[in-house]
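Dropping run29.txt in here (compact mmCIF, C-alpha atoms):
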# COMPACT_ATOMS: atom_id res chain seq x y z
CA MET A 1 -13.54 4.34 -7.97
CA THR A 2 -14.45 0.99 -6.40
CA ARG A 3 -11.83 -1.66 -7.03
CA GLN A 4 -13.13 -5.14 -7.72
CA HIS A 5 -11.16 -8.00 -6.19
CA THR A 6 -11.67 -11.57 -7.31
CA ALA A 7 -10.85 -14.77 -5.46
CA PRO A 8 -7.41 -16.19 -6.33
CA PRO A 9 -7.43 -19.13 -8.76
CA ALA A 10 -5.92 -22.51 -8.11
CA GLY A 11 -2.31 -22.92 -9.19
CA GLY A 12 -0.90 -25.39 -11.67
CA GLU A 13 0.64 -25.59 -15.13
CA ILE A 14 -0.54 -23.24 -17.86
CA THR A 15 0.47 -24.20 -21.38
CA SER A 16 -1.62 -21.86 -23.52
CA SER A 17 -1.44 -18.10 -23.92
CA ARG A 18 -5.22 -18.26 -24.42
CA SER A 19 -5.72 -19.26 -20.80
CA PRO A 20 -8.16 -16.92 -19.00
CA ARG A 21 -5.52 -16.37 -16.28
CA VAL A 22 -2.97 -15.28 -18.86
CA LYS A 23 -5.45 -12.96 -20.56
CA LEU A 24 -6.38 -11.32 -17.25
CA ALA A 25 -2.75 -10.87 -16.25
CA ARG A 26 -1.89 -9.43 -19.66
CA GLN A 27 -4.64 -6.84 -19.32
CA LEU A 28 -2.89 -5.41 -16.27
CA ALA A 29 -0.58 -3.62 -18.70
CA LYS A 30 -3.46 -1.15 -19.11
CA ARG A 31 -3.97 1.52 -16.47
CA ALA A 32 -7.75 1.43 -16.74
CA PHE A 33 -7.79 -2.31 -16.06
CA ARG A 34 -5.39 -1.89 -13.12
CA GLU A 35 -7.61 0.75 -11.59
CA ARG A 36 -10.76 -1.30 -12.14
CA THR A 37 -9.34 -4.45 -10.56
CA GLY A 38 -7.04 -2.90 -7.96
CA GLN A 39 -4.22 -5.12 -9.17
CA PHE A 40 -0.89 -4.75 -10.95
CA LEU A 41 2.13 -6.78 -12.04
CA ALA A 42 5.44 -7.02 -10.19
CA GLU A 43 8.02 -8.49 -12.55
CA GLY A 44 11.39 -10.05 -11.75
CA PRO A 45 12.77 -11.79 -8.65
CA GLN A 46 13.56 -8.62 -6.71
CA ALA A 47 10.08 -7.16 -7.08
CA VAL A 48 8.40 -10.51 -6.37
CA ARG A 49 10.58 -11.08 -3.30
CA GLU A 50 9.65 -7.69 -1.84
CA ALA A 51 5.98 -8.16 -2.70
CA LEU A 52 5.94 -11.54 -0.93
CA GLY A 53 7.43 -9.81 2.09
CA GLN A 54 4.19 -7.88 2.55
CA PRO A 55 1.10 -9.65 3.90
CA ALA A 56 -1.86 -10.20 1.58
CA VAL A 57 -0.33 -8.35 -1.38
CA VAL A 58 0.46 -11.14 -3.86
CA THR A 59 -2.56 -12.91 -5.32
CA GLU A 60 -0.85 -15.27 -7.79
CA VAL A 61 2.58 -16.02 -9.24
CA PHE A 62 3.63 -16.98 -12.78
CA ILE A 63 6.99 -18.70 -13.15
CA THR A 64 8.87 -20.59 -15.86
CA GLY A 65 10.67 -23.86 -15.24
CA PRO A 66 14.17 -22.33 -15.48
CA ALA A 67 13.19 -19.47 -13.16
CA SER A 68 11.78 -21.98 -10.69
CA GLU A 69 15.18 -23.68 -10.61
CA ARG A 70 16.95 -20.34 -10.09
CA HIS A 71 14.55 -19.07 -7.44
CA PRO A 72 12.98 -22.09 -5.71
CA GLU A 73 12.67 -20.14 -2.46
CA LEU A 74 10.23 -17.65 -3.99
CA ALA A 75 7.94 -20.24 -5.53
CA GLY A 76 8.15 -22.19 -2.27
CA GLN A 77 7.28 -19.17 -0.14
CA ALA A 78 4.28 -18.37 -2.30
CA ALA A 79 3.04 -21.95 -2.13
CA ARG A 80 3.44 -22.09 1.66
CA GLU A 81 1.36 -18.94 1.97
CA GLY A 82 -1.42 -20.45 -0.12
CA ILE A 83 -0.73 -18.24 -3.13
CA PRO A 84 -1.44 -19.98 -6.45
CA VAL A 85 1.76 -20.61 -8.42
CA HIS A 86 1.37 -21.14 -12.17
CA THR A 87 4.18 -22.82 -14.07
CA VAL A 88 4.28 -21.46 -17.62
CA SER A 89 6.41 -21.78 -20.72
CA GLY A 90 8.72 -19.03 -21.90
CA GLU A 91 6.24 -18.23 -24.67
CA VAL A 92 3.39 -17.77 -22.22
CA MET A 93 5.58 -15.67 -19.93
CA ALA A 94 6.44 -13.43 -22.88
CA GLU A 95 2.72 -12.82 -23.40
CA ILE A 96 2.33 -11.50 -19.85
CA ALA A 97 5.66 -9.82 -19.13
CA GLN A 98 6.27 -6.17 -19.96
CA THR A 99 10.01 -6.50 -20.57
CA VAL A 100 11.81 -7.39 -23.79
CA THR A 101 13.75 -10.16 -22.05
CA PRO A 102 11.57 -11.50 -19.21
CA GLN A 103 13.27 -13.00 -16.16
CA GLY A 104 10.67 -15.74 -15.97
CA LEU A 105 8.96 -14.65 -12.78
CA LEU A 106 6.14 -12.22 -12.04
CA ALA A 107 3.40 -11.75 -9.50
CA VAL A 108 -0.07 -10.30 -9.64
CA CYS A 109 -0.35 -7.94 -6.67
CA ARG A 110 -3.02 -5.93 -4.90
CA MET A 111 -2.46 -2.17 -5.01
CA THR A 112 -0.83 -0.89 -1.84
CA ASP A 113 -1.33 2.90 -2.00
CA VAL A 114 -2.74 4.72 1.02
CA PRO A 115 -4.98 7.80 1.40
CA LEU A 116 -3.28 11.15 1.88
CA ALA A 117 -4.85 11.41 5.36
CA ALA A 118 -3.15 8.16 6.42
CA LEU A 119 0.29 9.42 5.41
CA VAL A 120 -0.22 12.81 7.04
CA GLY A 121 -1.65 11.22 10.18
CA ALA A 122 1.54 9.17 10.65
CA LYS A 123 3.47 12.40 11.39
CA PRO A 124 5.99 12.15 8.55
CA ARG A 125 9.26 14.07 8.63
CA LEU A 126 10.44 13.58 5.06
CA VAL A 127 8.04 13.32 2.13
CA VAL A 128 8.37 13.44 -1.67
CA ILE A 129 5.73 15.06 -3.87
CA LEU A 130 5.94 14.21 -7.57
CA ALA A 131 4.21 16.91 -9.62
CA ASN A 132 3.48 16.14 -13.28
CA ILE A 133 6.18 13.46 -13.49
CA ARG A 134 5.46 11.58 -16.71
CA ASP A 135 8.38 9.19 -17.14
CA PRO A 136 7.75 5.94 -15.21
CA GLY A 137 11.46 5.12 -15.02
CA ASN A 138 12.20 8.46 -13.38
CA ALA A 139 9.28 8.12 -10.98
CA GLY A 140 10.35 4.63 -9.93
CA THR A 141 13.96 5.74 -9.44
CA VAL A 142 12.87 8.65 -7.26
CA LEU A 143 10.70 6.27 -5.24
CA ARG A 144 13.72 4.00 -4.74
CA THR A 145 15.86 6.99 -3.75
CA ALA A 146 13.23 8.16 -1.26
CA ASP A 147 13.20 4.71 0.29
CA ALA A 148 17.01 4.67 0.54
CA ALA A 149 17.05 8.11 2.15
CA GLY A 150 14.55 7.01 4.78
CA ALA A 151 11.64 9.11 3.54
CA ASP A 152 8.25 8.49 5.10
CA GLY A 153 6.22 8.51 1.90
CA VAL A 154 5.95 9.45 -1.76
CA ILE A 155 2.97 11.30 -3.19
CA PHE A 156 2.11 11.03 -6.89
CA SER A 157 0.04 13.99 -8.05
CA ALA A 158 -3.07 13.41 -10.15
CA ALA A 159 -1.17 14.52 -13.27
CA SER A 160 1.78 12.19 -12.67
CA VAL A 161 2.45 8.73 -14.02
CA ASP A 162 0.67 5.77 -12.45
CA PRO A 163 2.94 4.32 -9.72
CA TYR A 164 1.77 0.86 -10.80
CA ASN A 165 3.02 1.31 -14.36
CA SER A 166 5.20 -1.75 -15.00
CA LYS A 167 8.33 0.31 -15.72
CA CYS A 168 7.79 2.38 -12.57
CA VAL A 169 7.40 -0.79 -10.50
CA ARG A 170 10.61 -2.26 -11.96
CA SER A 171 12.57 0.98 -11.51
CA SER A 172 11.58 1.16 -7.86
CA ALA A 173 13.45 -2.15 -7.32
CA GLY A 174 10.97 -3.25 -4.67
CA SER A 175 10.80 0.09 -2.86
CA LEU A 176 7.15 0.43 -3.90
CA PHE A 177 6.45 -2.15 -1.19
CA HIS A 178 8.58 -0.47 1.49
CA LEU A 179 7.02 2.93 2.13
CA PRO A 180 3.60 4.55 1.89
CA VAL A 181 2.62 5.75 -1.58
CA VAL A 182 -0.26 8.13 -2.23
CA ALA A 183 -1.64 8.00 -5.78
CA GLY A 184 -3.58 10.66 -7.68
CA ALA A 185 -3.41 13.38 -5.05
CA PRO A 186 -4.53 16.98 -5.82
CA LEU A 187 -1.45 19.15 -5.36
CA ALA A 188 -2.99 22.13 -3.58
CA GLU A 189 -4.81 19.88 -1.11
CA THR A 190 -1.65 17.84 -0.58
CA VAL A 191 0.54 20.84 0.18
CA ALA A 192 -2.06 22.30 2.54
CA ALA A 193 -2.36 19.03 4.45
CA LEU A 194 1.40 18.61 4.81
CA ARG A 195 1.89 22.20 5.91
CA ALA A 196 -0.89 21.81 8.49
CA ALA A 197 0.98 18.74 9.77
CA GLY A 198 4.05 20.89 10.40
CA LEU A 199 6.14 20.22 7.32
CA GLN A 200 7.83 22.94 5.31
CA VAL A 201 7.37 22.55 1.56
CA LEU A 202 10.50 23.09 -0.52
CA ALA A 203 10.41 23.13 -4.32
CA ALA A 204 13.45 21.87 -6.22
CA ASP A 205 13.92 24.49 -8.94
CA GLY A 206 17.12 24.86 -10.92
CA SER A 207 16.40 28.50 -11.71
CA SER A 208 15.96 29.56 -8.09
CA GLY A 209 18.37 32.12 -6.71
CA ALA A 210 18.44 30.25 -3.39
CA GLN A 211 20.72 27.23 -3.28
CA LEU A 212 20.64 24.06 -1.27
CA PRO A 213 22.65 24.85 1.87
CA ASP A 214 26.16 23.43 1.97
CA ALA A 215 28.51 23.26 4.95
CA GLY A 216 28.13 26.49 6.86
CA GLY A 217 25.89 28.03 4.19
CA SER A 218 22.60 29.85 4.60
CA GLY A 219 19.24 28.68 3.36
CA PRO A 220 16.24 26.69 4.58
CA ASP A 221 16.61 24.61 7.72
CA LEU A 222 16.76 21.09 6.32
CA GLY A 223 16.67 19.63 9.81
CA ARG A 224 12.97 20.48 9.96
CA PRO A 225 10.24 18.13 8.75
CA THR A 226 10.20 18.69 4.99
CA ALA A 227 8.19 17.83 1.91
CA TRP A 228 10.19 18.11 -1.30
CA LEU A 229 8.25 19.09 -4.42
CA PHE A 230 9.75 17.86 -7.71
CA GLY A 231 8.47 18.90 -11.12
CA ASN A 232 8.30 17.55 -14.63
CA GLU A 233 11.49 16.19 -16.20
CA ALA A 234 11.38 18.59 -19.17
CA TRP A 235 9.90 21.84 -17.90
CA GLY A 236 10.23 21.63 -14.12
CA LEU A 237 7.71 23.42 -11.93
CA PRO A 238 5.49 26.12 -13.46
CA ALA A 239 4.82 29.34 -11.56
CA ASP A 240 1.50 28.18 -10.09
CA LEU A 241 3.12 25.11 -8.54
CA LEU A 242 6.17 27.01 -7.32
CA ALA A 243 3.75 29.34 -5.55
CA LEU A 244 2.51 26.41 -3.46
CA ALA A 245 5.94 25.96 -1.84
CA ASP A 246 7.36 27.86 1.10
CA GLU A 247 10.64 28.28 -0.75
CA ALA A 248 12.26 27.23 -4.01
CA VAL A 249 15.79 25.84 -3.82
CA ALA A 250 18.33 24.99 -6.52
CA VAL A 251 20.93 22.24 -6.30
CA PRO A 252 24.27 24.04 -6.82
CA ILE A 253 26.20 23.18 -9.97
CA TYR A 254 29.93 23.44 -9.35
CA GLY A 255 31.07 22.15 -12.72
CA ARG A 256 30.05 22.93 -16.27
CA ALA A 257 26.95 20.71 -16.52
CA GLU A 258 23.83 22.63 -17.44
CA SER A 259 21.66 20.80 -14.92
CA LEU A 260 20.96 17.54 -13.10
CA ASN A 261 18.28 15.10 -14.13
CA LEU A 262 15.28 14.55 -11.90
CA ALA A 263 16.55 11.43 -10.13
CA ALA A 264 19.97 12.93 -9.39
CA ALA A 265 18.50 16.19 -8.08
CA ALA A 266 16.06 14.26 -5.91
CA ALA A 267 18.89 12.18 -4.44
CA VAL A 268 20.89 15.30 -3.53
CA CYS A 269 17.91 17.03 -1.92
CA LEU A 270 16.61 14.02 -0.03
CA TYR A 271 19.97 13.00 1.37
CA ALA A 272 20.70 16.57 2.43
CA SER A 273 17.46 16.59 4.40
CA ALA A 274 17.92 13.07 5.75
CA ARG A 275 21.43 13.82 7.00
CA LEU A 276 20.43 16.98 8.86
CA GLN A 277 17.22 15.48 10.22
CA ARG A 278 19.14 12.54 11.63
CA ALA A 279 21.68 14.88 13.13
CA ALA A 280 18.92 16.96 14.73
CA ALA A 281 17.24 13.84 16.10
CA GLY A 282 20.58 12.69 17.54
CA ARG A 283 21.07 16.01 19.33
CA ALA A 284 17.56 15.91 20.70
CA GLY A 285 18.02 12.35 21.89
CA GLY A 286 21.39 13.08 23.42

Would you write the structure of this file as structure tokens?
Amino acid sequence: MTRQHTAPPAGGEITSSRSPRVKLARQLAKRAFRERTGQFLAEGPQAVREALGQPAVVTEVFITGPASERHPELAGQAAREGIPVHTVSGEVMAEIAQTVTPQGLLAVCRMTDVPLAALVGAKPRLVVILANIRDPGNAGTVLRTADAAGADGVIFSAASVDPYNSKCVRSSAGSLFHLPVVAGAPLAETVAALRAAGLQVLAADGSSGAQLPDAGGSGPDLGRPTAWLFGNEAWGLPADLLALADEAVAVPIYGRAESLNLAAAAAVCLYASARLQRAAAGRAGG
């Protein structure tokens, strides 16, 4: 699909929720409109700060008077970079924002996702594949966790939530702007491309008989370049998707909890890989 980009408008004060700029921004709550325009909303100071840290991503900023007093550096940075800054009332902000209690600051941003070939061509060592993840809060939290663990990219399958969903963007806490994201990727093609690039594909599956290796334990070599495949929050990975992986691995449960939620399991798996990969790189460098 061809994304249509329009020239940024001039900044200034907007007093009416009927303003064409407000109407266009409000429409970005809809996935179809985001895909058609190639734009999305980043809401709150953290997201806006990280978006402004990337060149040519932010196209315009909406800010209330009180938020401008709290975050003058962000409005100032946008203005210095020639990005239109619209001062709006709290009522107008409420029309655009996707949160119950808006923080008074949001930015319209250009989509930043990359093609699968670009991610694979960068020789990644740690990648996340989200298969059929439907909850935007979970997806954004996993994206943030992947960023914290030093992953090289996150791939959203075609059946997963839109990474530019407003809740996903907020839950990523700015990490959406830190690492490559692939959107709408076919799973079989994705796994084949990563395997051809030298990555093993491990599926996180709570019912697997093989467990994530602990100190001195057996299991997959997590020091190798790895792509972790995570399934749906409710039903996990079905048999056809498990079959795509080289091996399925369960996070061990030492207490009485039935299971871990998606974000917690992803954190355990990604940090286990990151720790051993860094250790392997240190040995090779030493």

What's around Leu41 of chain A at 10 Å? Count all atoms listed in the file, leave out sequence neighbours fewer than 3 positions away in its own chain, and write the answer as a list in words.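 Near Leu41 of chain A, the qualifying residues are Ala25, Arg26, Gln27, Leu28, Ala29, Arg34, Gly44, Ala47, Val48, Val58, Glu60, Val61, Ile96, Ala97, Gln98, Leu106, Ala107, Val108, Cys109, Arg110, Met111, Tyr164, Asn165, Ser166, Val169 and Arg170 of chain A.
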
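For the pair atom CA of Ser157 of chain A and atom CA of Ile129 of chain A, the separation is 7.1 Å.
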
All residues 10 Å or closer to segment 231-247 of chain A, only C-alpha atoms, same chain fewer than 4 positions away omitted, as a PyMOL selection string: chain A and resi 129-135+138-139+160+187-188+190-192+195+199-208+210+219-220+227+261-263

Measuring atom to atom with all atoms listed in the file, identify which of A:Asp162, A:Glu73, A:Glu189, A:Asp147 is nearest to Val120 of chain A.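 Using all atoms listed in the file, the shortest distance to Val120 of chain A belongs to A:Glu189.
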
Find the residues near Gly104 of chain A: any atom within 6 Å, counting all atoms listed in the file, skip ones fewer than 2 places away on the same chain, and give them as a list in words. Ile63, Thr64, Ala67 and Pro102 of chain A

Test item: residues at most 8 Å from Pro225 of chain A, all atoms listed in the file, excluding those fewer than 4 positions along its chain, as a PyMOL selection string: chain A and resi 124-126+198-200+277

Atomic distance atom CA of Leu222 of chain A - atom CA of Ala280 of chain A, expressed in Å with one decimal: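 Interatomic distance here is 9.6 Å.
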
Shortest contact to Pro72 of chain A, candidates A:Asp113, A:Leu105, A:Gly90, A:Ala279, atoms counted all atoms listed in the file, goes to A:Leu105

Shortest interatomic distance to Leu119 of chain A - which of A:Ala257, A:Ala183, A:Glu35, A:Gly174, counting all atoms listed in the file: A:Ala183

Point out the residue among A:Arg144, A:Val127, A:Gly223, A:Gly53 with the least atom-to-atom distance to Arg275 of chain A, counting all atoms listed in the file. A:Gly223

So, with only C-alpha atoms as the atoms that count, which of A:Ala173, A:Val22, A:Ala42, A:Ala267 lies closest to His86 of chain A?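 For His86 of chain A, the nearest of the candidates is A:Val22.
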
So how many Å separate atom CA of Thr141 of chain A and atom CA of Ser172 of chain A, to one decimal?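 Answer for the atom CA of Thr141 of chain A to atom CA of Ser172 of chain A separation: 5.4 Å.
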
Restricting the calculation to only C-alpha atoms, which member of A:Ala118, A:Leu176, A:Ala264, A:Ala51 is positioned closest to Gly140 of chain A?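 Closest to Gly140 of chain A, using only C-alpha atoms: A:Leu176.
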
Close residues, Ile14 of chain A itself excluded, 12 Å, all atoms listed in the file, min 3 positions apart in chain, as a list in words: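 Non-adjacent residues within range: Ala10, Gly11, Ser17, Arg18, Ser19, Pro20, Arg21, Val22, Lys23, Val61, Phe62, Ile63, Thr64, Gly65, Pro84, Val85, His86, Thr87, Val88, Ser89, Gly90, Glu91, Val92 and Met93 of chain A.
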
What would the list of residues within 10 Å of (25.4, 23.6, -7.4) (file frame) look like as a ChimeraX atom specification, if all atoms listed in the file are what count? /A:206,211-214,250-255,257,259-260

Answer as a PyMOL selection string, residues within 9 Å of (1.2, -17.7, 2.2) using all atoms listed in the file: chain A and resi 52+55-56+58+77-83

Rebuild segment 134-169 of chain A to N, CA and C atoms - output it as an mmCIF file, in the frame of the given file, please.
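Contents of part-v9.cif, as written:
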data_model
loop_
_atom_site.group_PDB
_atom_site.id
_atom_site.type_symbol
_atom_site.label_atom_id
_atom_site.label_comp_id
_atom_site.auth_asym_id
_atom_site.auth_seq_id
_atom_site.Cartn_x
_atom_site.Cartn_y
_atom_site.Cartn_z
ATOM 1 N N ARG A 134 6.079 12.408 -15.679
ATOM 2 C CA ARG A 134 5.460 11.580 -16.710
ATOM 3 C C ARG A 134 6.262 10.321 -17.017
ATOM 4 N N ASP A 135 7.557 10.331 -16.772
ATOM 5 C CA ASP A 135 8.380 9.190 -17.140
ATOM 6 C C ASP A 135 8.359 8.146 -16.012
ATOM 7 N N PRO A 136 7.856 6.943 -16.281
ATOM 8 C CA PRO A 136 7.750 5.940 -15.210
ATOM 9 C C PRO A 136 9.101 5.501 -14.657
ATOM 10 N N GLY A 137 10.133 5.483 -15.518
ATOM 11 C CA GLY A 137 11.460 5.120 -15.020
ATOM 12 C C GLY A 137 11.976 6.137 -14.028
ATOM 13 N N ASN A 138 11.788 7.412 -14.317
ATOM 14 C CA ASN A 138 12.200 8.460 -13.380
ATOM 15 C C ASN A 138 11.427 8.367 -12.080
ATOM 16 N N ALA A 139 10.111 8.185 -12.189
ATOM 17 C CA ALA A 139 9.280 8.120 -10.980
ATOM 18 C C ALA A 139 9.696 6.945 -10.100
ATOM 19 N N GLY A 140 9.933 5.784 -10.716
ATOM 20 C CA GLY A 140 10.350 4.630 -9.930
ATOM 21 C C GLY A 140 11.704 4.815 -9.289
ATOM 22 N N THR A 141 12.627 5.489 -9.996
ATOM 23 C CA THR A 141 13.960 5.740 -9.440
ATOM 24 C C THR A 141 13.883 6.705 -8.268
ATOM 25 N N VAL A 142 13.040 7.726 -8.377
ATOM 26 C CA VAL A 142 12.870 8.650 -7.260
ATOM 27 C C VAL A 142 12.251 7.931 -6.063
ATOM 28 N N LEU A 143 11.302 7.040 -6.325
ATOM 29 C CA LEU A 143 10.700 6.270 -5.240
ATOM 30 C C LEU A 143 11.765 5.428 -4.533
ATOM 31 N N ARG A 144 12.627 4.805 -5.314
ATOM 32 C CA ARG A 144 13.720 4.000 -4.740
ATOM 33 C C ARG A 144 14.670 4.877 -3.936
ATOM 34 N N THR A 145 14.975 6.066 -4.456
ATOM 35 C CA THR A 145 15.860 6.990 -3.750
ATOM 36 C C THR A 145 15.235 7.450 -2.449
ATOM 37 N N ALA A 146 13.934 7.744 -2.478
ATOM 38 C CA ALA A 146 13.230 8.160 -1.260
ATOM 39 C C ALA A 146 13.292 7.074 -0.205
ATOM 40 N N ASP A 147 13.114 5.845 -0.624
ATOM 41 C CA ASP A 147 13.200 4.710 0.290
ATOM 42 C C ASP A 147 14.607 4.630 0.909
ATOM 43 N N ALA A 148 15.628 4.755 0.060
ATOM 44 C CA ALA A 148 17.010 4.670 0.540
ATOM 45 C C ALA A 148 17.341 5.793 1.507
ATOM 46 N N ALA A 149 16.767 6.967 1.291
ATOM 47 C CA ALA A 149 17.050 8.110 2.150
ATOM 48 C C ALA A 149 16.218 8.097 3.431
ATOM 49 N N GLY A 150 15.353 7.118 3.565
ATOM 50 C CA GLY A 150 14.550 7.010 4.780
ATOM 51 C C GLY A 150 13.327 7.895 4.786
ATOM 52 N N ALA A 151 12.840 8.283 3.609
ATOM 53 C CA ALA A 151 11.640 9.110 3.540
ATOM 54 C C ALA A 151 10.436 8.340 4.089
ATOM 55 N N ASP A 152 9.430 9.088 4.491
ATOM 56 C CA ASP A 152 8.250 8.490 5.100
ATOM 57 C C ASP A 152 7.114 8.258 4.115
ATOM 58 N N GLY A 153 7.266 8.726 2.882
ATOM 59 C CA GLY A 153 6.220 8.510 1.900
ATOM 60 C C GLY A 153 6.503 9.256 0.619
ATOM 61 N N VAL A 154 5.857 8.806 -0.455
ATOM 62 C CA VAL A 154 5.950 9.450 -1.760
ATOM 63 C C VAL A 154 4.541 9.690 -2.268
ATOM 64 N N ILE A 155 4.296 10.909 -2.720
ATOM 65 C CA ILE A 155 2.970 11.300 -3.190
ATOM 66 C C ILE A 155 3.033 11.557 -4.694
ATOM 67 N N PHE A 156 2.225 10.835 -5.453
ATOM 68 C CA PHE A 156 2.110 11.030 -6.890
ATOM 69 C C PHE A 156 0.910 11.940 -7.149
ATOM 70 N N SER A 157 1.143 13.092 -7.755
ATOM 71 C CA SER A 157 0.040 13.990 -8.050
ATOM 72 C C SER A 157 -0.886 13.363 -9.092
ATOM 73 N N ALA A 158 -2.083 13.939 -9.211
ATOM 74 C CA ALA A 158 -3.070 13.410 -10.150
ATOM 75 C C ALA A 158 -2.566 13.446 -11.587
ATOM 76 N N ALA A 159 -1.674 14.384 -11.907
ATOM 77 C CA ALA A 159 -1.170 14.520 -13.270
ATOM 78 C C ALA A 159 0.112 13.721 -13.511
ATOM 79 N N SER A 160 0.545 12.966 -12.529
ATOM 80 C CA SER A 160 1.780 12.190 -12.670
ATOM 81 C C SER A 160 1.492 10.783 -13.181
ATOM 82 N N VAL A 161 2.559 10.095 -13.541
ATOM 83 C CA VAL A 161 2.450 8.730 -14.020
ATOM 84 C C VAL A 161 1.850 7.830 -12.940
ATOM 85 N N ASP A 162 1.223 6.766 -13.363
ATOM 86 C CA ASP A 162 0.670 5.770 -12.450
ATOM 87 C C ASP A 162 1.824 5.048 -11.741
ATOM 88 N N PRO A 163 1.851 5.032 -10.402
ATOM 89 C CA PRO A 163 2.940 4.320 -9.720
ATOM 90 C C PRO A 163 2.950 2.829 -9.993
ATOM 91 N N TYR A 164 1.842 2.282 -10.517
ATOM 92 C CA TYR A 164 1.770 0.860 -10.800
ATOM 93 C C TYR A 164 2.079 0.545 -12.268
ATOM 94 N N ASN A 165 2.494 1.546 -13.030
ATOM 95 C CA ASN A 165 3.020 1.310 -14.360
ATOM 96 C C ASN A 165 4.167 0.302 -14.246
ATOM 97 N N SER A 166 4.230 -0.658 -15.147
ATOM 98 C CA SER A 166 5.200 -1.750 -15.000
ATOM 99 C C SER A 166 6.641 -1.237 -14.942
ATOM 100 N N LYS A 167 6.964 -0.217 -15.736
ATOM 101 C CA LYS A 167 8.330 0.310 -15.720
ATOM 102 C C LYS A 167 8.616 1.026 -14.405
ATOM 103 N N CYS A 168 7.615 1.707 -13.862
ATOM 104 C CA CYS A 168 7.790 2.380 -12.570
ATOM 105 C C CYS A 168 8.014 1.346 -11.471
ATOM 106 N N VAL A 169 7.238 0.270 -11.502
ATOM 107 C CA VAL A 169 7.400 -0.790 -10.500
ATOM 108 C C VAL A 169 8.802 -1.384 -10.585
#
